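Data from query_28.tsv: TSV, C-alpha atoms
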```tsv
chain	number	residue	atom	x	y	z
V	1	MET	CA	-15.53	13.45	-5.52
V	2	GLN	CA	-12.53	11.50	-4.30
V	3	GLN	CA	-11.11	9.21	-6.98
V	4	VAL	CA	-10.90	5.49	-6.23
V	5	THR	CA	-8.54	3.62	-8.54
V	6	PRO	CA	-9.12	0.23	-10.19
V	7	GLU	CA	-6.23	-1.06	-8.07
V	8	GLN	CA	-8.04	-0.04	-4.89
V	9	ILE	CA	-11.24	-1.75	-6.07
V	10	ALA	CA	-9.17	-4.87	-6.81
V	11	ALA	CA	-7.68	-4.79	-3.30
V	12	ALA	CA	-11.15	-4.46	-1.77
V	13	LEU	CA	-12.45	-7.29	-3.93
V	14	ALA	CA	-9.59	-9.56	-2.84
V	15	ALA	CA	-10.27	-8.72	0.81
V	16	LEU	CA	-13.96	-9.62	0.42
V	17	ARG	CA	-12.99	-12.92	-1.21
V	18	ARG	CA	-10.74	-13.67	1.78
V	19	GLY	CA	-13.64	-13.08	4.16
V	20	GLU	CA	-12.31	-9.72	5.42
V	21	LEU	CA	-14.16	-6.45	5.98
V	22	VAL	CA	-14.23	-3.58	3.51
V	23	ALA	CA	-15.65	-0.10	4.11
V	24	PHE	CA	-17.08	1.66	1.08
V	25	PRO	CA	-19.14	4.79	0.38
V	26	THR	CA	-22.76	4.81	-0.65
V	27	GLU	CA	-24.91	7.84	-1.35
V	28	THR	CA	-26.32	7.53	2.20
V	29	VAL	CA	-23.46	6.64	4.59
V	30	TYR	CA	-20.31	4.49	4.51
V	31	GLY	CA	-21.01	0.77	4.78
V	32	LEU	CA	-18.99	-1.94	6.52
V	33	GLY	CA	-19.09	-4.73	3.99
V	34	ALA	CA	-18.57	-8.48	3.98
V	35	ASP	CA	-19.47	-11.31	1.61
V	36	ALA	CA	-23.15	-11.90	2.46
V	37	SER	CA	-22.76	-15.61	1.62
V	38	ASN	CA	-19.85	-16.12	4.05
V	39	GLU	CA	-21.11	-16.61	7.60
V	40	ALA	CA	-17.73	-16.14	9.26
V	41	ALA	CA	-17.18	-12.91	7.32
V	42	VAL	CA	-20.59	-11.49	8.27
V	43	ARG	CA	-19.92	-12.35	11.91
V	44	ARG	CA	-16.80	-10.18	11.69
V	45	ILE	CA	-19.10	-7.23	10.99
V	46	PHE	CA	-20.98	-7.90	14.22
V	47	ALA	CA	-17.74	-8.25	16.19
V	48	ALA	CA	-16.24	-5.05	14.77
V	49	LYS	CA	-19.38	-3.00	15.42
V	50	GLY	CA	-20.40	-4.59	18.72
V	51	ARG	CA	-23.74	-5.27	17.02
V	52	PRO	CA	-26.41	-7.49	18.67
V	53	ALA	CA	-26.71	-10.85	16.91
V	54	ASP	CA	-30.45	-10.50	16.29
V	55	HIS	CA	-30.08	-7.14	14.49
V	56	PRO	CA	-30.32	-7.80	10.72
V	57	VAL	CA	-28.01	-6.29	8.12
V	58	ILE	CA	-28.88	-5.04	4.66
V	59	VAL	CA	-27.58	-6.90	1.61
V	60	HIS	CA	-26.32	-4.56	-1.12
V	61	LEU	CA	-26.69	-5.71	-4.74
V	62	PRO	CA	-25.18	-4.38	-7.97
V	63	HIS	CA	-28.55	-4.30	-9.75
V	64	ALA	CA	-32.18	-5.33	-9.41
V	65	GLY	CA	-31.60	-8.37	-11.59
V	66	LEU	CA	-30.29	-10.21	-8.52
V	67	LEU	CA	-33.47	-9.69	-6.48
V	68	GLU	CA	-34.78	-13.19	-7.14
V	69	GLN	CA	-31.48	-14.71	-5.99
V	70	TRP	CA	-31.92	-13.17	-2.52
V	71	ALA	CA	-35.70	-12.97	-2.11
V	72	GLY	CA	-37.92	-16.03	-1.96
V	73	HIS	CA	-40.76	-14.02	-3.46
V	74	VAL	CA	-40.60	-10.68	-5.25
V	75	PRO	CA	-44.02	-8.99	-5.39
V	76	GLU	CA	-44.98	-6.65	-8.21
V	77	ALA	CA	-44.64	-3.73	-5.80
V	78	ALA	CA	-40.93	-4.48	-5.37
V	79	TRP	CA	-40.27	-4.46	-9.10
V	80	ARG	CA	-42.08	-1.14	-9.46
V	81	LEU	CA	-40.11	0.45	-6.62
V	82	ALA	CA	-36.84	-0.95	-7.98
V	83	GLU	CA	-37.57	0.51	-11.41
V	84	ARG	CA	-38.31	3.93	-9.92
V	85	PHE	CA	-35.77	4.24	-7.09
V	86	TRP	CA	-32.84	1.87	-7.75
V	87	PRO	CA	-30.01	2.54	-7.70
V	88	GLY	CA	-30.90	4.76	-4.76
V	89	PRO	CA	-31.51	5.18	-1.03
V	90	LEU	CA	-34.32	2.64	-0.68
V	91	THR	CA	-34.12	-0.71	1.14
V	92	MET	CA	-36.88	-3.26	0.59
V	93	ILE	CA	-37.76	-5.94	3.13
V	94	LEU	CA	-38.83	-9.11	1.31
V	95	PRO	CA	-39.28	-12.80	2.15
V	96	ARG	CA	-35.80	-14.31	2.16
V	97	ALA	CA	-34.53	-16.94	-0.23
V	98	ALA	CA	-33.72	-20.31	1.34
V	99	HIS	CA	-29.93	-19.86	1.15
V	100	VAL	CA	-29.80	-16.48	2.91
V	101	LEU	CA	-27.90	-16.81	6.18
V	102	ASP	CA	-29.57	-16.38	9.57
V	103	VAL	CA	-26.70	-14.12	10.60
V	104	VAL	CA	-27.72	-11.72	7.81
V	105	THR	CA	-31.44	-11.69	8.64
V	106	GLY	CA	-31.18	-11.81	12.43
V	107	GLY	CA	-32.97	-15.17	12.26
V	108	GLN	CA	-36.03	-13.65	10.60
V	109	SER	CA	-37.90	-14.93	7.54
V	110	THR	CA	-37.20	-11.68	5.69
V	111	VAL	CA	-34.16	-9.97	4.20
V	112	GLY	CA	-33.36	-6.30	3.50
V	113	LEU	CA	-32.10	-5.60	-0.03
V	114	ARG	CA	-30.77	-2.43	-1.67
V	115	VAL	CA	-28.94	-1.24	-4.79
V	116	PRO	CA	-26.83	1.78	-3.79
V	117	ASP	CA	-26.31	4.81	-6.00
V	118	HIS	CA	-22.62	5.62	-5.67
V	119	PRO	CA	-20.02	4.96	-8.37
V	120	VAL	CA	-17.55	3.39	-5.92
V	121	ALA	CA	-20.19	1.10	-4.42
V	122	GLN	CA	-21.38	0.19	-7.90
V	123	ALA	CA	-17.85	-0.58	-9.08
V	124	LEU	CA	-17.20	-2.81	-6.09
V	125	LEU	CA	-20.54	-4.62	-6.29
V	126	HIS	CA	-20.28	-5.27	-10.02
V	127	ALA	CA	-16.74	-6.58	-9.59
V	128	PHE	CA	-17.88	-8.80	-6.72
V	129	GLY	CA	-20.91	-10.03	-8.62
V	130	GLY	CA	-22.96	-10.93	-5.55
V	131	GLY	CA	-24.44	-9.59	-2.35
V	132	ILE	CA	-22.41	-7.57	0.14
V	133	ALA	CA	-23.84	-7.35	3.66
V	134	ALA	CA	-23.14	-3.82	4.85
V	135	PRO	CA	-24.50	-1.94	7.85
V	136	SER	CA	-23.04	1.49	8.59
V	137	ALA	CA	-19.30	1.46	9.27
V	138	ASN	CA	-19.34	2.60	12.91
V	139	ARG	CA	-19.74	1.21	16.40
V	140	PHE	CA	-23.27	-0.01	17.00
V	141	GLY	CA	-25.68	2.74	18.04
V	142	ARG	CA	-23.24	5.56	17.32
V	143	VAL	CA	-23.26	8.26	14.66
V	144	SER	CA	-23.05	6.87	11.14
V	145	PRO	CA	-19.97	7.79	9.08
V	146	THR	CA	-20.34	10.05	6.07
V	147	ARG	CA	-16.60	10.33	5.33
V	148	ALA	CA	-13.78	7.80	5.15
V	149	GLU	CA	-11.92	9.45	8.05
V	150	HIS	CA	-14.92	8.72	10.30
V	151	VAL	CA	-14.49	5.01	9.57
V	152	ARG	CA	-10.75	5.11	10.22
V	153	ALA	CA	-11.22	6.92	13.53
V	154	GLU	CA	-13.88	4.56	14.81
V	155	LEU	CA	-13.01	1.11	13.45
V	156	GLY	CA	-9.32	1.38	12.52
V	157	ASP	CA	-7.58	-1.94	11.97
V	158	ALA	CA	-10.81	-3.96	12.05
V	159	VAL	CA	-11.29	-2.98	8.40
V	160	ALA	CA	-8.95	-4.48	5.79
V	161	VAL	CA	-9.65	-1.84	3.11
V	162	ILE	CA	-11.38	1.55	3.28
V	163	LEU	CA	-12.42	2.96	-0.09
V	164	ASP	CA	-12.47	6.75	0.14
V	165	GLY	CA	-15.16	8.12	-2.15
V	166	GLY	CA	-15.43	11.49	-0.44
V	167	PRO	CA	-18.40	12.80	1.58
V	168	CYS	CA	-21.69	10.96	1.12
V	169	ARG	CA	-24.22	12.84	-0.99
V	170	VAL	CA	-27.36	12.15	1.08
V	171	GLY	CA	-25.87	11.66	4.55
V	172	LEU	CA	-28.80	9.79	6.12
V	173	GLU	CA	-29.48	6.06	5.95
V	174	SER	CA	-31.85	4.61	3.35
V	175	THR	CA	-35.60	4.51	3.68
V	176	ILE	CA	-36.65	0.98	4.69
V	177	VAL	CA	-39.99	-0.22	3.31
V	178	ASP	CA	-41.38	-3.58	4.41
V	179	LEU	CA	-43.12	-5.38	1.55
V	180	SER	CA	-43.43	-8.72	3.35
V	181	GLY	CA	-46.90	-8.03	4.80
V	182	PRO	CA	-50.34	-7.15	3.49
V	183	GLN	CA	-49.61	-3.39	3.37
V	184	PRO	CA	-46.33	-1.60	2.58
V	185	ALA	CA	-44.87	-0.13	5.75
V	186	ILE	CA	-41.97	2.27	6.28
V	187	LEU	CA	-39.84	0.98	9.14
V	188	ARG	CA	-37.17	3.68	8.85
V	189	PRO	CA	-37.76	7.05	7.13
V	190	GLY	CA	-35.14	8.38	4.77
V	191	HIS	CA	-34.52	10.49	1.68
V	192	ILE	CA	-37.36	8.75	-0.19
V	193	SER	CA	-40.65	9.68	1.44
V	194	ALA	CA	-43.83	7.74	2.10
V	195	ARG	CA	-45.62	9.98	-0.38
V	196	GLN	CA	-43.15	9.13	-3.14
V	197	ILE	CA	-43.61	5.41	-2.49
V	198	GLU	CA	-47.40	5.79	-2.46
V	199	GLU	CA	-47.25	7.59	-5.80
V	200	VAL	CA	-45.46	4.61	-7.34
V	201	LEU	CA	-47.56	1.87	-5.73
V	202	GLY	CA	-50.95	3.58	-5.76
V	203	VAL	CA	-51.76	2.27	-2.26
V	204	PRO	CA	-51.38	3.75	1.23
V	205	VAL	CA	-48.08	3.20	3.03
V	206	SER	CA	-48.18	2.91	6.82
V	207	MET	CA	-45.54	4.13	9.27
V	208	PRO	CA	-46.11	1.89	12.31
V	209	ALA	CA	-44.70	2.91	15.67
V	210	HIS	CA	-43.82	-0.74	16.26
V	211	SER	CA	-43.30	-3.63	13.86
V	212	ARG	CA	-42.74	-7.35	14.29
V	213	THR	CA	-40.13	-7.12	11.54
V	214	ARG	CA	-36.80	-6.03	13.01
V	215	ALA	CA	-34.91	-3.58	10.83
V	216	PRO	CA	-31.61	-1.68	11.11
V	217	GLY	CA	-31.61	1.65	12.92
V	218	THR	CA	-35.02	1.31	14.54
V	219	LEU	CA	-34.08	0.92	18.20
V	220	PRO	CA	-35.20	3.82	20.44
V	221	GLY	CA	-31.59	4.88	21.06
V	222	HIS	CA	-29.40	5.05	17.95
V	223	TYR	CA	-27.25	7.41	15.84
V	224	ALA	CA	-25.91	8.90	19.06
V	225	PRO	CA	-22.58	10.60	19.81
V	226	VAL	CA	-20.84	9.83	23.12
V	227	THR	CA	-21.88	13.28	24.41
V	228	ALA	CA	-25.54	13.38	25.45
V	229	VAL	CA	-27.84	15.11	22.95
V	230	GLU	CA	-30.76	17.17	24.24
V	231	LEU	CA	-33.55	18.39	21.95
V	232	VAL	CA	-34.77	21.88	22.82
V	233	ALA	CA	-37.54	24.05	21.37
V	234	ASP	CA	-35.94	26.74	19.24
V	235	ALA	CA	-37.45	29.51	21.38
V	236	ASP	CA	-35.85	28.03	24.51
V	237	LEU	CA	-32.42	27.35	23.03
V	238	GLU	CA	-30.53	30.40	24.29
V	239	ALA	CA	-32.01	30.15	27.80
V	240	ARG	CA	-31.08	26.47	28.01
V	241	ALA	CA	-27.53	27.17	26.84
V	242	ARG	CA	-27.13	30.00	29.37
V	243	ALA	CA	-28.41	27.74	32.16
V	244	TRP	CA	-25.63	25.26	31.41
V	245	LEU	CA	-23.02	28.00	31.21
V	246	ASP	CA	-24.20	29.53	34.51
V	247	GLN	CA	-23.39	26.19	36.16
V	248	GLY	CA	-19.86	26.39	34.77
V	249	ARG	CA	-20.52	23.49	32.39
V	250	ARG	CA	-19.44	23.20	28.77
V	251	VAL	CA	-22.16	23.01	26.16
V	252	ALA	CA	-22.38	22.99	22.36
V	253	VAL	CA	-25.34	24.00	20.21
V	254	MET	CA	-26.72	22.91	16.84
V	255	ALA	CA	-29.44	25.09	15.35
V	256	ARG	CA	-30.75	26.43	12.05
V	257	ARG	CA	-29.58	30.00	12.76
V	258	PRO	CA	-26.45	31.73	14.06
V	259	PRO	CA	-25.89	32.45	17.79
V	260	PRO	CA	-26.81	35.69	19.54
V	261	ALA	CA	-23.97	38.06	20.39
V	262	ASP	CA	-23.55	36.88	23.99
V	263	LEU	CA	-23.24	33.21	22.97
V	264	GLN	CA	-20.76	33.56	20.13
V	265	HIS	CA	-18.04	32.03	22.32
V	266	VAL	CA	-20.08	28.79	22.53
V	267	PRO	CA	-19.43	26.05	19.93
V	268	TRP	CA	-22.55	26.81	17.90
V	269	ARG	CA	-23.14	25.25	14.49
V	270	ALA	CA	-25.78	26.77	12.22
V	271	LEU	CA	-27.11	24.10	9.86
V	272	PRO	CA	-29.19	24.88	6.76
V	273	ASP	CA	-32.90	25.54	7.13
V	274	ASP	CA	-33.56	22.94	4.44
V	275	PRO	CA	-34.23	19.29	5.32
V	276	VAL	CA	-32.07	17.77	2.57
V	277	ALA	CA	-29.08	20.03	3.23
V	278	TYR	CA	-29.56	19.63	7.01
V	279	GLY	CA	-29.58	15.83	6.68
V	280	HIS	CA	-26.43	15.94	4.59
V	281	ALA	CA	-24.60	17.91	7.31
V	282	LEU	CA	-26.13	16.27	10.39
V	283	TYR	CA	-23.78	13.39	11.19
V	284	ALA	CA	-20.54	15.21	10.40
V	285	THR	CA	-21.66	18.07	12.64
V	286	LEU	CA	-22.60	15.76	15.50
V	287	ARG	CA	-19.20	14.09	15.23
V	288	GLU	CA	-17.43	17.45	15.25
V	289	LEU	CA	-19.27	18.67	18.35
V	290	ASP	CA	-18.74	15.32	20.06
V	291	SER	CA	-14.97	15.72	19.59
V	292	LEU	CA	-15.00	18.97	21.59
V	293	ARG	CA	-15.56	17.11	24.89
V	294	VAL	CA	-18.47	19.26	25.99
V	295	GLU	CA	-20.96	17.93	28.54
V	296	ARG	CA	-24.11	18.37	26.45
V	297	ILE	CA	-25.05	19.01	22.83
V	298	LEU	CA	-28.20	21.12	22.63
V	299	VAL	CA	-30.09	20.69	19.35
V	300	ALA	CA	-32.95	22.93	18.28
V	301	ARG	CA	-35.97	20.85	17.34
V	302	VAL	CA	-36.64	20.74	13.61
V	303	PRO	CA	-40.02	21.56	12.07
V	304	GLU	CA	-42.91	19.13	11.90
V	305	GLY	CA	-44.03	17.86	8.50
V	306	GLU	CA	-43.05	15.12	6.09
V	307	ALA	CA	-40.01	16.87	4.63
V	308	TRP	CA	-38.27	16.73	8.01
V	309	THR	CA	-39.39	13.19	8.98
V	310	ALA	CA	-36.03	11.45	8.46
V	311	VAL	CA	-34.02	14.17	10.24
V	312	ARG	CA	-36.51	14.26	13.10
V	313	ASP	CA	-36.31	10.48	13.44
V	314	ARG	CA	-32.49	10.50	13.68
V	315	LEU	CA	-32.41	13.36	16.19
V	316	THR	CA	-35.07	11.75	18.39
V	317	ARG	CA	-33.11	8.50	18.54
V	318	ALA	CA	-29.81	10.32	19.11
V	319	ALA	CA	-31.35	12.13	22.07
V	320	HIS	CA	-33.03	9.06	23.57
V	321	GLY	CA	-30.39	8.54	26.27
V	322	ALA	CA	-30.61	12.11	27.58
V	323	ALA	CA	-34.41	12.01	27.41
V	324	GLN	CA	-34.39	8.87	29.54
V	325	GLY	CA	-31.92	10.35	32.01
V	326	VAL	CA	-29.19	7.91	30.99
```

Can the structure in the file be given as structure tokens, please?
Amino acid sequence: MQQVTPEQIAAALAALRRGELVAFPTETVYGLGADASNEAAVRRIFAAKGRPADHPVIVHLPHAGLLEQWAGHVPEAAWRLAERFWPGPLTMILPRAAHVLDVVTGGQSTVGLRVPDHPVAQALLHAFGGGIAAPSANRFGRVSPTRAEHVRAELGDAVAVILDGGPCRVGLESTIVDLSGPQPAILRPGHISARQIEEVLGVPVSMPAHSRTRAPGTLPGHYAPVTAVELVADADLEARARAWLDQGRRVAVMARRPPPADLQHVPWRALPDDPVAYGHALYATLRELDSLRVERILVARVPEGEAWTAVRDRLTRAAHGAAQGV
């Protein structure tokens, strides 16, 4: 892992105190952070990302002991999940405390809270001593960054300090579980599954297609490269690629197997046939293929089943524009 020095943490801390933006690694993706108690600073996040004002951001905390400072009510379920999964890739939606800014919650009565599991994030958060609002450090709706160079390429001078902690370990955004209603509900799937949450809570967890609670990364189109992404059944992948090539058009392919002999000249990336390893590689691979200036990225559909839920969710949203003919 890339080493971040105490001097770099100090520079990031000073920038946060001045109301500036700091990008830092978590185990999921790189976050674009600002002091969650500073309205002007949080608004800089929205300006840098081009993020809609009603789209809430997650507040990152150094430890679960700060939950009651940010949540107006912390149910027993939240404490049990925090004990089991924090630090880790789980965000909990809870009733907000009175002081939490509307700009953070998107004007809602709830707030998303998380304790990340990355040594650089932990060092920064403990030094800061409070909440850091931090959505992914990329333009709104685009592919999330899993390396520091992704942040530099996309946001550049909008960020005062970028802490380079190397590639993110998980590579997909946190699971978001809404605990503000009568039944726990997963609003965004991630590395922690519904089954794992049910095992801790001992009650069913729903996965609603629609929710009144707005949460990050849940719009139909999201996580998308500039190049249109098209999901294709694995059995149809070669035929679809050849159809594009026959029209004299440039195409790239992402699958869970290598290309056939006659398509080895095509930019074809074979990702692991394992959901965790696939998720880790997904965003970096999409960014790489996007940089090739092809006209379409064909992606073989991933298997059904719970293990692939988070990957399937990200790919479906990434391909939304092409599916809608946009």

Point out the residue among V:Val229, V:Val161, V:Val200, V:Val311 with the least atom-to-atom distance to His280 in chain V, counting only C-alpha atoms.
-> V:Val311

Select, from V:Val177, V:Ala47, V:Leu292, V:Val100, the residue with the minimum atom-to-atom distance to Thr227 in chain V, counting all atoms listed in the file.
-> V:Leu292

Who sits within 12 Å of Ala310 in chain V, only C-alpha atoms, same chain under 5 positions skipped, as an mmCIF file with C-alpha atoms, in the coordinates of the input:
```cif
data_model
loop_
_atom_site.group_PDB
_atom_site.id
_atom_site.type_symbol
_atom_site.label_atom_id
_atom_site.label_comp_id
_atom_site.auth_asym_id
_atom_site.auth_seq_id
_atom_site.Cartn_x
_atom_site.Cartn_y
_atom_site.Cartn_z
ATOM 1 C CA VAL V 170 -27.360 12.150 1.080
ATOM 2 C CA GLY V 171 -25.870 11.660 4.550
ATOM 3 C CA LEU V 172 -28.800 9.790 6.120
ATOM 4 C CA GLU V 173 -29.480 6.060 5.950
ATOM 5 C CA SER V 174 -31.850 4.610 3.350
ATOM 6 C CA THR V 175 -35.600 4.510 3.680
ATOM 7 C CA ILE V 176 -36.650 0.980 4.690
ATOM 8 C CA ILE V 186 -41.970 2.270 6.280
ATOM 9 C CA LEU V 187 -39.840 0.980 9.140
ATOM 10 C CA ARG V 188 -37.170 3.680 8.850
ATOM 11 C CA PRO V 189 -37.760 7.050 7.130
ATOM 12 C CA GLY V 190 -35.140 8.380 4.770
ATOM 13 C CA HIS V 191 -34.520 10.490 1.680
ATOM 14 C CA ILE V 192 -37.360 8.750 -0.190
ATOM 15 C CA SER V 193 -40.650 9.680 1.440
ATOM 16 C CA ALA V 194 -43.830 7.740 2.100
ATOM 17 C CA GLY V 217 -31.610 1.650 12.920
ATOM 18 C CA THR V 218 -35.020 1.310 14.540
ATOM 19 C CA PRO V 275 -34.230 19.290 5.320
ATOM 20 C CA VAL V 276 -32.070 17.770 2.570
ATOM 21 C CA TYR V 278 -29.560 19.630 7.010
ATOM 22 C CA GLY V 279 -29.580 15.830 6.680
ATOM 23 C CA HIS V 280 -26.430 15.940 4.590
ATOM 24 C CA LEU V 282 -26.130 16.270 10.390
ATOM 25 C CA VAL V 302 -36.640 20.740 13.610
ATOM 26 C CA PRO V 303 -40.020 21.560 12.070
ATOM 27 C CA GLU V 304 -42.910 19.130 11.900
ATOM 28 C CA GLY V 305 -44.030 17.860 8.500
ATOM 29 C CA LEU V 315 -32.410 13.360 16.190
ATOM 30 C CA THR V 316 -35.070 11.750 18.390
ATOM 31 C CA ARG V 317 -33.110 8.500 18.540
#
```

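With all atoms listed in the file as the atoms that count, the minimum distance from Glu39 in chain V to the choices V:Thr105, V:Ala23, V:Gly321, V:Gln8 is reached by V:Thr105.
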
Taking into account all atoms listed in the file, which residue in the set V:Ala137, V:Val266, V:Val104, V:Leu271 is nearest to Leu21 in chain V?
-> V:Ala137

Which residue, V:Pro204, V:Gly221, V:Gly107, V:Gly141, has the smallest gap to Ala53 in chain V when you use only C-alpha atoms?
->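 Looking only at the distances to Ala53 in chain V, the closest residue turns out to be V:Gly107.
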